[in-house]
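Chemist: The structure's right below; bear with me while I get my questions together.
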Amino acid sequence: MKFIALIDNSLKSGFGHVKRSYLLINSFIQKYNIDEIILFFEESPHDDTINLFNQFNLPKKISYYDQLDFQLTQFKKNDIEFFALIDSYKISDDLVKSLKDFSYLNKVLRILDKPTYSSADYIIDYNPLALNKWRNYNVNKSAKYLLGSKFFISDINFKEKTKENLNLNSDILICLGYSEQFKIIKDCLTSIENINGLNNKKIYVISKSSEKLKNLKWKKSFQRNIIFKTNVPNLLPYIEKTKLFITSSSTQMYEASYFSKPTICIELNKNQSNSSELYNELGLWFYIPNNELTSLKSSLGYFVKKIFSKYKRIVSYKWGSKNINFSGQEEIVRNIKSSSLNNDFSYKSKEKNEFNYPKIDTIKRDFKYMNEYLNLRNFHSTRKIMGNTKIIKRLEHYTWWLKKTSRESKLFVRNNQQKIVIWEESKKIDDEYFLIGGWFGSKYKRSFWDAYALVKKQLEECKLKYPNHTWLAIIHTDNKHVLKMNLNLGFEIIDTKINERYGKIFKKAFKINDISIFNKLIYKNSL
């Protein structure tokens with residue numbers, strides 16, 4: 001039986017498709033009578049790719065996507081029996097159907113990380129949220145779905161290799177996949193170089209651009225602590241022995257999750273865009289979306305310094321997922337060989353719940369809330385009524401999040417969907433105590449009455465919690481609903497102009513002109 005693999009392998013797509021395909025083919029060889037491997041590549045394979053597949057002591061043929069039609073005709077003519085693996089974003093569903101048409105014995109596997117219709121016999125998606133992604137999708141009911149992190153494909157022999165006596169310890173490991181990414185890595189290093197206190201950190205940089213990066217003019221104190229490497233056959237021992245991993249939002253973030261390492265994931269392109277829920281599920285809370293790559297040069301170094309200044313606290317938190325393992329390829333082959341897999345895609349619509357008071361989760365600088373907090377804060381309908389209407393970038397938010405450990409926020413949830421964050425903070429100015437606070441939610445109009453009830457409850461609690469405090473609220477004059485709400489809750493207008501004394505409390509918010517200041521004496525008592 002032949003094994004056919006169609007593999008993306010350009011500099012843009014990186015090395016992940018190649019490595020995944022190699023590992024899966026290897027598991028098939030161990031379980032099936034494979035007598036030849038036929039490889040189709042997007043473009044001419046690099047030496048690393050050739051050397052990898054040369055480890056198979058089997059006849060091999062190498063071809064390219066533009067020759068697929070001719071090769072498929074030859075397969076059909078000779079009635080070849082085969083498994084076909086598609087690890088490519090470029091292969092159409094029509095081609096999948098034509099592959100299946102040759103013989104009933106042929107089986108087509110497709111690795112996908114985003115739901116897209118496929119006629120393949122087996123669909124592999126090792127995203128831990130895959131079942132939820134596919135449940136409401138127009139699935140191919142005749143296919144078998146191998147979904148979830150237990151099907152993650154990686155090198156199961158890494159532990160044997162880490163036993164070698166190699167000095168791989170580092171403070172920072174930078175590897176953005178196996179593509180070049182010269183500019184982004186340069187920006188990362190430049191930002192780190194410019195921050196005092198990071199020049200003594202040992203840094204491994206693993207990239208196709210390592211030689212070019214090495215020849216740039218770096219500060220001597222900085223460069224002597226950087227080790228540049230180009231060809232690393234197995235990255236896993238390096239991940240295991242670093243303190244901080246800076247990587248792309250690709251296969252490597254799953255490996256970082258296994259090792260429970262503090263990690264910064266960088267989304268290099270739109271194909272790598274993920275939800276905050278996925279990063280939370282993997283236990284990797286720091287990520288930079290593709291549309292914020294320009295902030296790396298100016299902000300990454302300061303954030304990295306903040307990580308190391310709080311390192312004991314950060315590493316004490318639960319990083320990584322228990323569901324990541326390195327036997328996914330064996331699990332895939334086992335399920336295909338036994339044909340025992342059965343996915344239930346039935347979806348029961350939720351009944352409408354009666355009005356009830358939202359449940360409360362307290363945010364104690366818990367990483368699992370960090371991204372959700374920012375997502376709610378940056379929601380369009382929230383931004384337009386805030387003092388600062390600009391989108392807050394993720395690196396700025398993470399740095400702010402790590403600054404304080406004492407302030408708590410409360411997250412209110414209704415039916416696992418409707419969410420509101422509400423908070424307060426004590427300030428002391430000229431021997432007088434003040435409270436500032438606020439709330440924001442993902443759906444402003446839907447959350448208003450919840451917010452009213454929550455603010456009312458918050459005021460009652462603050463009377464006991466913060467004696468001798470005066471509450472100040474800053475509100476846009478065009479925010480009519482909240483203006484009425486605060487007046488109804490007992491606030492009084494005390495100033496409609498920017499006041500220097502209050503400006504010390506609200507700081508940047510006072511750059512806005514269309515504001516009203518409200519005052520509420522929360523509790524007055526001489527202690």
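Letters A, B, ... mark the chains of the structure tokens in the order given; residue numbers begin at 1 per chain; ligand numbers begin at 1, in order shown.
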I'd like a table as JSON lines: residues in segment 223-292 of chain A with an atom no more than 9 Å from segment 9-19 of chain A, each row giving the shortest atom pair and its distance in Å to one decimal, only C-alpha atoms counted, sorted by chain and rising residue number.
Modeler:
```
{"residue": "A:Ser250", "atom": "CA", "partner": "A:Gly16", "partner_atom": "CA", "distance": 7.9}
{"residue": "A:Thr251", "atom": "CA", "partner": "A:Gly16", "partner_atom": "CA", "distance": 6.5}
{"residue": "A:Gln252", "atom": "CA", "partner": "A:Gly16", "partner_atom": "CA", "distance": 8.5}
```
Chemist: When DSSP works through the backbone of this structure, what residues of segment 196-273 of chain A end up as alpha helix (DSSP H), shown as a list in words?
Modeler: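 Here is the list: Ser210, Glu211, Lys212, Leu213, Lys214, Lys220, Ser221, Phe222, Gln223, Leu236, Pro237, Tyr238, Ile239, Glu240, Thr251, Gln252, Met253, Tyr254, Glu255, Ala256, Ser257, Tyr258 and Phe259 of chain A.
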Chemist: Can you list, as a compact mmCIF listing (two decimals) with all heavy atoms, in the first residue's frame, every residue of segment 221-453 of chain A that DSSP puts in strand (DSSP E)?
Modeler:
```
# COMPACT_ATOMS: atom_id res chain seq x y z
N ILE A 226 23.68 36.04 23.85
CA ILE A 226 22.75 35.46 22.88
C ILE A 226 23.44 34.33 22.12
O ILE A 226 24.58 34.48 21.66
CB ILE A 226 22.27 36.51 21.85
CG1 ILE A 226 21.70 37.73 22.53
CG2 ILE A 226 21.20 35.90 20.94
CD1 ILE A 226 21.26 38.82 21.57
N ILE A 227 22.75 33.22 21.98
CA ILE A 227 23.24 32.10 21.17
C ILE A 227 22.28 31.94 20.00
O ILE A 227 21.09 31.67 20.19
CB ILE A 227 23.32 30.80 21.99
CG1 ILE A 227 24.27 30.99 23.17
CG2 ILE A 227 23.75 29.63 21.11
CD1 ILE A 227 24.29 29.83 24.14
N PHE A 228 22.79 32.13 18.78
CA PHE A 228 21.98 32.01 17.58
C PHE A 228 22.16 30.62 16.98
O PHE A 228 23.28 30.15 16.81
CB PHE A 228 22.40 33.06 16.54
CG PHE A 228 22.08 34.47 16.94
CD1 PHE A 228 23.04 35.28 17.54
CD2 PHE A 228 20.82 35.00 16.71
CE1 PHE A 228 22.74 36.58 17.91
CE2 PHE A 228 20.51 36.31 17.07
CZ PHE A 228 21.47 37.10 17.67
N LYS A 229 21.04 29.98 16.67
CA LYS A 229 21.09 28.66 16.05
C LYS A 229 20.15 28.64 14.84
O LYS A 229 19.08 29.24 14.88
CB LYS A 229 20.69 27.56 17.04
CG LYS A 229 21.76 27.27 18.08
CD LYS A 229 21.32 26.12 18.98
CE LYS A 229 22.47 25.70 19.89
NZ LYS A 229 23.52 24.99 19.16
N THR A 242 14.00 26.31 29.31
CA THR A 242 13.99 27.77 29.32
C THR A 242 13.06 28.29 30.41
O THR A 242 12.20 27.56 30.91
CB THR A 242 13.55 28.33 27.94
OG1 THR A 242 13.86 29.73 27.89
CG2 THR A 242 12.06 28.14 27.70
N LYS A 243 13.23 29.57 30.76
CA LYS A 243 12.34 30.20 31.74
C LYS A 243 11.17 30.90 31.07
O LYS A 243 10.08 30.97 31.62
CB LYS A 243 13.13 31.19 32.60
CG LYS A 243 14.16 30.55 33.51
CD LYS A 243 14.89 31.60 34.33
CE LYS A 243 15.92 30.96 35.26
NZ LYS A 243 16.68 32.00 36.01
N LEU A 244 11.43 31.46 29.87
CA LEU A 244 10.39 32.18 29.13
C LEU A 244 10.52 31.83 27.66
O LEU A 244 11.60 31.94 27.08
CB LEU A 244 10.54 33.70 29.32
CG LEU A 244 9.62 34.58 28.47
CD1 LEU A 244 8.16 34.38 28.87
CD2 LEU A 244 10.01 36.05 28.61
N PHE A 245 9.41 31.42 27.06
CA PHE A 245 9.40 31.00 25.66
C PHE A 245 8.62 32.02 24.86
O PHE A 245 7.46 32.32 25.17
CB PHE A 245 8.74 29.61 25.57
CG PHE A 245 8.78 28.98 24.20
CD1 PHE A 245 9.77 29.31 23.28
CD2 PHE A 245 7.84 28.04 23.83
CE1 PHE A 245 9.81 28.72 22.02
CE2 PHE A 245 7.86 27.44 22.58
CZ PHE A 245 8.85 27.78 21.67
N ILE A 246 9.25 32.59 23.83
CA ILE A 246 8.58 33.50 22.90
C ILE A 246 8.45 32.76 21.58
O ILE A 246 9.45 32.42 20.95
CB ILE A 246 9.36 34.81 22.72
CG1 ILE A 246 9.51 35.52 24.06
CG2 ILE A 246 8.66 35.73 21.71
CD1 ILE A 246 10.35 36.79 24.01
N THR A 247 7.21 32.51 21.15
CA THR A 247 7.01 31.64 20.00
C THR A 247 5.84 32.12 19.15
O THR A 247 5.17 33.11 19.49
CB THR A 247 6.78 30.19 20.46
OG1 THR A 247 6.73 29.33 19.32
CG2 THR A 247 5.48 30.06 21.25
N SER A 248 5.60 31.43 18.07
CA SER A 248 4.45 31.75 17.22
C SER A 248 3.23 30.98 17.70
O SER A 248 3.34 29.98 18.41
CB SER A 248 4.75 31.40 15.76
OG SER A 248 5.03 30.01 15.64
N THR A 263 4.87 31.65 28.54
CA THR A 263 5.02 31.74 27.08
C THR A 263 4.33 32.99 26.56
O THR A 263 3.25 33.35 27.02
CB THR A 263 4.41 30.49 26.41
OG1 THR A 263 5.07 29.32 26.89
CG2 THR A 263 4.56 30.55 24.89
N ILE A 264 4.98 33.63 25.59
CA ILE A 264 4.35 34.72 24.84
C ILE A 264 4.15 34.22 23.42
O ILE A 264 5.11 33.91 22.72
CB ILE A 264 5.23 35.98 24.83
CG1 ILE A 264 5.52 36.46 26.25
CG2 ILE A 264 4.56 37.10 24.01
CD1 ILE A 264 6.52 37.60 26.33
N CYS A 265 2.88 34.10 23.00
CA CYS A 265 2.56 33.61 21.66
C CYS A 265 2.34 34.81 20.73
O CYS A 265 1.60 35.74 21.07
CB CYS A 265 1.30 32.75 21.68
SG CYS A 265 1.45 31.26 22.67
N ILE A 266 2.97 34.78 19.58
CA ILE A 266 2.86 35.86 18.60
C ILE A 266 2.13 35.33 17.37
O ILE A 266 2.58 34.35 16.76
CB ILE A 266 4.24 36.41 18.21
CG1 ILE A 266 4.97 36.95 19.44
CG2 ILE A 266 4.11 37.49 17.15
CD1 ILE A 266 6.39 37.41 19.17
N PHE A 286 -0.45 34.89 27.65
CA PHE A 286 0.15 36.05 26.98
C PHE A 286 0.20 35.81 25.48
O PHE A 286 0.89 34.89 25.02
CB PHE A 286 1.58 36.28 27.48
CG PHE A 286 1.70 36.50 28.97
CD1 PHE A 286 2.78 36.00 29.67
CD2 PHE A 286 0.73 37.20 29.67
CE1 PHE A 286 2.91 36.20 31.04
CE2 PHE A 286 0.84 37.40 31.03
CZ PHE A 286 1.92 36.90 31.73
N TYR A 287 -0.51 36.62 24.71
CA TYR A 287 -0.41 36.49 23.26
C TYR A 287 -0.54 37.84 22.60
O TYR A 287 -1.21 38.74 23.11
CB TYR A 287 -1.44 35.50 22.72
CG TYR A 287 -2.87 35.99 22.70
CD1 TYR A 287 -3.42 36.58 21.55
CD2 TYR A 287 -3.69 35.84 23.81
CE1 TYR A 287 -4.73 37.01 21.53
CE2 TYR A 287 -5.01 36.28 23.79
CZ TYR A 287 -5.52 36.86 22.65
OH TYR A 287 -6.82 37.30 22.63
N ILE A 288 0.12 37.99 21.46
CA ILE A 288 0.11 39.24 20.70
C ILE A 288 -0.61 38.98 19.38
O ILE A 288 -0.12 38.21 18.55
CB ILE A 288 1.54 39.74 20.40
CG1 ILE A 288 2.43 39.62 21.63
CG2 ILE A 288 1.49 41.16 19.86
CD1 ILE A 288 1.96 40.39 22.83
N LYS A 359 -24.42 35.30 38.38
CA LYS A 359 -23.45 34.75 39.34
C LYS A 359 -22.21 35.63 39.34
O LYS A 359 -21.96 36.41 38.42
CB LYS A 359 -23.08 33.31 38.98
CG LYS A 359 -22.25 33.16 37.71
CD LYS A 359 -21.86 31.71 37.49
CE LYS A 359 -20.95 31.57 36.27
NZ LYS A 359 -20.53 30.18 36.04
N ILE A 360 -21.40 35.50 40.39
CA ILE A 360 -20.27 36.39 40.59
C ILE A 360 -18.98 35.59 40.67
O ILE A 360 -18.87 34.63 41.41
CB ILE A 360 -20.43 37.21 41.88
CG1 ILE A 360 -21.75 38.01 41.85
CG2 ILE A 360 -19.24 38.13 42.09
CD1 ILE A 360 -22.07 38.68 43.16
N ASP A 361 -17.99 36.00 39.87
CA ASP A 361 -16.63 35.50 40.01
C ASP A 361 -15.75 36.69 40.37
O ASP A 361 -15.84 37.74 39.75
CB ASP A 361 -16.11 34.89 38.70
CG ASP A 361 -16.78 33.55 38.40
OD1 ASP A 361 -17.10 32.84 39.36
OD2 ASP A 361 -16.97 33.24 37.22
N THR A 362 -14.90 36.54 41.36
CA THR A 362 -14.00 37.62 41.73
C THR A 362 -12.68 37.45 41.00
O THR A 362 -12.08 36.38 41.00
CB THR A 362 -13.74 37.62 43.25
OG1 THR A 362 -15.00 37.80 43.92
CG2 THR A 362 -12.82 38.77 43.64
N ILE A 363 -12.24 38.54 40.38
CA ILE A 363 -10.98 38.53 39.64
C ILE A 363 -9.87 38.99 40.58
O ILE A 363 -9.84 40.14 40.98
CB ILE A 363 -11.05 39.45 38.42
CG1 ILE A 363 -12.22 39.06 37.50
CG2 ILE A 363 -9.75 39.44 37.64
CD1 ILE A 363 -12.44 40.01 36.36
N SER A 409 -11.34 42.88 40.83
CA SER A 409 -12.53 43.22 40.06
C SER A 409 -13.51 42.06 40.21
O SER A 409 -13.14 40.97 40.64
CB SER A 409 -12.19 43.41 38.58
OG SER A 409 -11.24 44.43 38.41
N LYS A 410 -14.76 42.32 39.85
CA LYS A 410 -15.76 41.26 39.91
C LYS A 410 -16.32 41.05 38.50
O LYS A 410 -16.66 42.01 37.81
CB LYS A 410 -16.89 41.62 40.89
CG LYS A 410 -16.44 41.68 42.34
CD LYS A 410 -17.61 42.00 43.26
CE LYS A 410 -17.18 41.98 44.72
NZ LYS A 410 -16.22 43.05 45.02
N LEU A 411 -16.39 39.82 38.12
CA LEU A 411 -16.95 39.45 36.82
C LEU A 411 -18.32 38.84 37.07
O LEU A 411 -18.45 37.82 37.76
CB LEU A 411 -16.05 38.45 36.10
CG LEU A 411 -16.54 37.95 34.75
CD1 LEU A 411 -16.48 39.05 33.71
CD2 LEU A 411 -15.73 36.75 34.28
N PHE A 412 -19.37 39.44 36.51
CA PHE A 412 -20.73 38.95 36.67
C PHE A 412 -21.15 38.26 35.38
O PHE A 412 -20.99 38.80 34.29
CB PHE A 412 -21.68 40.11 36.99
CG PHE A 412 -21.38 40.76 38.31
CD1 PHE A 412 -20.40 41.71 38.42
CD2 PHE A 412 -22.08 40.39 39.44
CE1 PHE A 412 -20.12 42.32 39.64
CE2 PHE A 412 -21.80 40.97 40.67
CZ PHE A 412 -20.83 41.93 40.77
N VAL A 413 -21.69 37.07 35.52
CA VAL A 413 -22.02 36.25 34.35
C VAL A 413 -23.49 35.83 34.43
O VAL A 413 -23.95 35.36 35.47
CB VAL A 413 -21.12 34.99 34.29
CG1 VAL A 413 -21.42 34.20 33.03
CG2 VAL A 413 -19.65 35.38 34.34
N ARG A 414 -24.21 35.97 33.32
CA ARG A 414 -25.58 35.48 33.22
C ARG A 414 -25.64 34.46 32.08
O ARG A 414 -25.26 34.75 30.95
CB ARG A 414 -26.56 36.61 32.95
CG ARG A 414 -28.02 36.12 32.95
CD ARG A 414 -28.96 37.21 32.47
NE ARG A 414 -28.98 38.36 33.35
CZ ARG A 414 -29.56 38.37 34.55
NH1 ARG A 414 -30.13 37.28 35.03
NH2 ARG A 414 -29.55 39.44 35.29
N GLN A 418 -23.79 36.59 29.10
CA GLN A 418 -23.83 38.00 29.45
C GLN A 418 -22.81 38.27 30.55
O GLN A 418 -22.86 37.65 31.61
CB GLN A 418 -25.23 38.38 29.92
CG GLN A 418 -25.36 39.82 30.35
CD GLN A 418 -25.09 40.77 29.21
OE1 GLN A 418 -25.44 40.48 28.09
NE2 GLN A 418 -24.44 41.87 29.50
N LYS A 419 -21.87 39.17 30.28
CA LYS A 419 -20.79 39.38 31.24
C LYS A 419 -20.58 40.87 31.50
O LYS A 419 -20.62 41.68 30.58
CB LYS A 419 -19.49 38.76 30.72
CG LYS A 419 -19.60 37.25 30.55
CD LYS A 419 -18.37 36.65 29.94
CE LYS A 419 -18.54 35.14 29.74
NZ LYS A 419 -17.41 34.51 29.11
N ILE A 420 -20.34 41.19 32.77
CA ILE A 420 -20.04 42.56 33.16
C ILE A 420 -18.87 42.53 34.13
O ILE A 420 -18.83 41.70 35.05
CB ILE A 420 -21.25 43.23 33.85
CG1 ILE A 420 -22.47 43.24 32.93
CG2 ILE A 420 -20.89 44.66 34.28
CD1 ILE A 420 -23.72 43.73 33.62
N VAL A 421 -17.90 43.40 33.94
CA VAL A 421 -16.82 43.59 34.91
C VAL A 421 -17.12 44.86 35.68
O VAL A 421 -17.47 45.90 35.10
CB VAL A 421 -15.46 43.71 34.20
CG1 VAL A 421 -14.39 44.15 35.20
CG2 VAL A 421 -15.07 42.38 33.57
N ILE A 422 -17.02 44.80 36.99
CA ILE A 422 -17.25 45.97 37.83
C ILE A 422 -16.11 46.05 38.85
O ILE A 422 -15.65 45.03 39.35
CB ILE A 422 -18.64 45.90 38.52
CG1 ILE A 422 -19.01 47.23 39.12
CG2 ILE A 422 -18.70 44.77 39.53
CD1 ILE A 422 -20.49 47.33 39.48
N TRP A 423 -15.64 47.26 39.13
CA TRP A 423 -14.46 47.41 39.97
C TRP A 423 -14.50 48.73 40.74
O TRP A 423 -15.25 49.64 40.40
CB TRP A 423 -13.18 47.36 39.12
CG TRP A 423 -13.11 48.46 38.09
CD1 TRP A 423 -13.65 48.43 36.83
CD2 TRP A 423 -12.50 49.74 38.22
NE1 TRP A 423 -13.41 49.61 36.18
CE2 TRP A 423 -12.70 50.45 37.01
CE3 TRP A 423 -11.80 50.38 39.25
CZ2 TRP A 423 -12.23 51.73 36.80
CZ3 TRP A 423 -11.32 51.67 39.05
CH2 TRP A 423 -11.54 52.34 37.83
N GLU A 424 -13.69 48.80 41.79
CA GLU A 424 -13.49 50.04 42.51
C GLU A 424 -12.07 50.09 43.02
O GLU A 424 -11.42 49.06 43.18
CB GLU A 424 -14.49 50.21 43.65
CG GLU A 424 -14.23 49.32 44.86
CD GLU A 424 -14.94 47.98 44.78
OE1 GLU A 424 -15.84 47.82 43.93
OE2 GLU A 424 -14.58 47.08 45.57
N GLU A 425 -11.58 51.30 43.28
CA GLU A 425 -10.20 51.45 43.74
C GLU A 425 -10.11 52.65 44.66
O GLU A 425 -10.69 53.71 44.38
CB GLU A 425 -9.27 51.62 42.54
CG GLU A 425 -7.80 51.59 42.91
CD GLU A 425 -6.90 51.53 41.68
OE1 GLU A 425 -7.43 51.49 40.56
OE2 GLU A 425 -5.67 51.53 41.87
N SER A 426 -9.38 52.49 45.76
CA SER A 426 -9.22 53.56 46.74
C SER A 426 -8.03 54.44 46.37
O SER A 426 -6.98 53.96 45.97
CB SER A 426 -9.01 52.95 48.13
OG SER A 426 -8.73 53.97 49.07
N LYS A 427 -8.23 55.77 46.50
CA LYS A 427 -7.17 56.73 46.23
C LYS A 427 -7.07 57.71 47.40
O LYS A 427 -8.09 58.11 47.98
CB LYS A 427 -7.46 57.52 44.95
CG LYS A 427 -7.50 56.68 43.67
CD LYS A 427 -6.11 56.34 43.19
CE LYS A 427 -6.14 55.64 41.86
NZ LYS A 427 -4.78 55.32 41.38
N LYS A 428 -5.84 58.14 47.71
CA LYS A 428 -5.63 59.12 48.77
C LYS A 428 -4.98 60.35 48.17
O LYS A 428 -3.90 60.27 47.59
CB LYS A 428 -4.77 58.54 49.89
CG LYS A 428 -4.57 59.50 51.07
CD LYS A 428 -3.67 58.87 52.13
CE LYS A 428 -3.47 59.85 53.28
NZ LYS A 428 -2.54 59.29 54.30
N ILE A 429 -5.64 61.50 48.31
CA ILE A 429 -5.10 62.77 47.81
C ILE A 429 -5.20 63.80 48.94
O ILE A 429 -6.29 64.08 49.45
CB ILE A 429 -5.89 63.27 46.58
CG1 ILE A 429 -5.86 62.22 45.46
CG2 ILE A 429 -5.33 64.61 46.10
CD1 ILE A 429 -4.51 62.01 44.83
N GLU A 432 -7.10 63.02 52.06
CA GLU A 432 -8.52 62.74 51.87
C GLU A 432 -8.65 61.48 51.00
O GLU A 432 -7.90 61.29 50.04
CB GLU A 432 -9.23 63.91 51.21
CG GLU A 432 -10.76 63.74 51.19
CD GLU A 432 -11.46 65.00 50.69
OE1 GLU A 432 -10.77 66.00 50.41
OE2 GLU A 432 -12.70 64.96 50.58
N TYR A 433 -9.61 60.61 51.35
CA TYR A 433 -9.77 59.35 50.65
C TYR A 433 -10.92 59.41 49.64
O TYR A 433 -12.00 59.93 49.94
CB TYR A 433 -10.04 58.22 51.65
CG TYR A 433 -8.84 57.87 52.49
CD1 TYR A 433 -8.66 58.47 53.75
CD2 TYR A 433 -7.89 56.96 52.04
CE1 TYR A 433 -7.55 58.16 54.52
CE2 TYR A 433 -6.77 56.65 52.81
CZ TYR A 433 -6.61 57.25 54.04
OH TYR A 433 -5.51 56.94 54.80
N PHE A 434 -10.67 58.85 48.48
CA PHE A 434 -11.66 58.80 47.42
C PHE A 434 -11.77 57.39 46.87
O PHE A 434 -10.84 56.58 46.99
CB PHE A 434 -11.27 59.74 46.26
CG PHE A 434 -11.21 61.18 46.65
CD1 PHE A 434 -10.03 61.75 47.10
CD2 PHE A 434 -12.33 61.99 46.53
CE1 PHE A 434 -9.97 63.09 47.45
CE2 PHE A 434 -12.29 63.33 46.88
CZ PHE A 434 -11.11 63.88 47.35
N LEU A 435 -12.92 57.11 46.28
CA LEU A 435 -13.11 55.87 45.53
C LEU A 435 -13.39 56.22 44.08
O LEU A 435 -14.17 57.15 43.79
CB LEU A 435 -14.30 55.07 46.08
CG LEU A 435 -14.05 54.13 47.25
CD1 LEU A 435 -15.38 53.46 47.63
CD2 LEU A 435 -13.02 53.06 46.92
N ILE A 436 -12.76 55.51 43.17
CA ILE A 436 -13.14 55.57 41.77
C ILE A 436 -13.48 54.15 41.34
O ILE A 436 -13.03 53.17 41.94
CB ILE A 436 -12.02 56.14 40.87
CG1 ILE A 436 -10.75 55.28 40.94
CG2 ILE A 436 -11.71 57.58 41.24
CD1 ILE A 436 -9.69 55.68 39.94
N GLY A 437 -14.28 54.04 40.33
CA GLY A 437 -14.67 52.71 39.88
C GLY A 437 -15.42 52.78 38.58
O GLY A 437 -15.57 53.84 37.96
N GLY A 438 -15.90 51.65 38.14
CA GLY A 438 -16.65 51.62 36.90
C GLY A 438 -17.11 50.22 36.56
O GLY A 438 -16.87 49.26 37.31
N TRP A 439 -17.77 50.11 35.43
CA TRP A 439 -18.23 48.80 34.96
C TRP A 439 -18.26 48.83 33.45
O TRP A 439 -18.36 49.87 32.81
CB TRP A 439 -19.62 48.47 35.50
CG TRP A 439 -20.70 49.44 35.08
CD1 TRP A 439 -21.06 50.59 35.70
CD2 TRP A 439 -21.53 49.32 33.92
NE1 TRP A 439 -22.06 51.21 35.03
CE2 TRP A 439 -22.38 50.46 33.92
CE3 TRP A 439 -21.66 48.38 32.89
CZ2 TRP A 439 -23.33 50.68 32.92
CZ3 TRP A 439 -22.60 48.60 31.91
CH2 TRP A 439 -23.43 49.73 31.92
N PHE A 440 -18.13 47.66 32.86
CA PHE A 440 -18.26 47.54 31.41
C PHE A 440 -18.66 46.12 31.06
O PHE A 440 -18.34 45.16 31.78
CB PHE A 440 -16.98 47.94 30.68
CG PHE A 440 -15.71 47.34 31.22
CD1 PHE A 440 -15.24 46.12 30.76
CD2 PHE A 440 -14.97 48.01 32.18
CE1 PHE A 440 -14.07 45.58 31.25
CE2 PHE A 440 -13.79 47.47 32.69
CZ PHE A 440 -13.34 46.25 32.21
N GLY A 441 -19.39 45.98 29.97
CA GLY A 441 -19.87 44.66 29.55
C GLY A 441 -19.78 44.51 28.05
O GLY A 441 -19.53 45.46 27.31
```
Chemist: Could you name the residues that touch segment 373-385 of chain A at 9 Å or less, counting only C-alpha atoms, but leaving out those on the same chain fewer than 2 positions away, as a list in words?
Modeler: Ser276, Tyr369, Met370, Asn371, Gly387, Asn388, Thr389, Lys390, Ile391, Ile392, Lys393, Arg394, His397, Leu411, Lys419, Ile420, Val421, Phe440, Gly441, Ser442, Lys443, Tyr444, Lys445, Ile475, His476, Asp478 and Asn479 of chain A
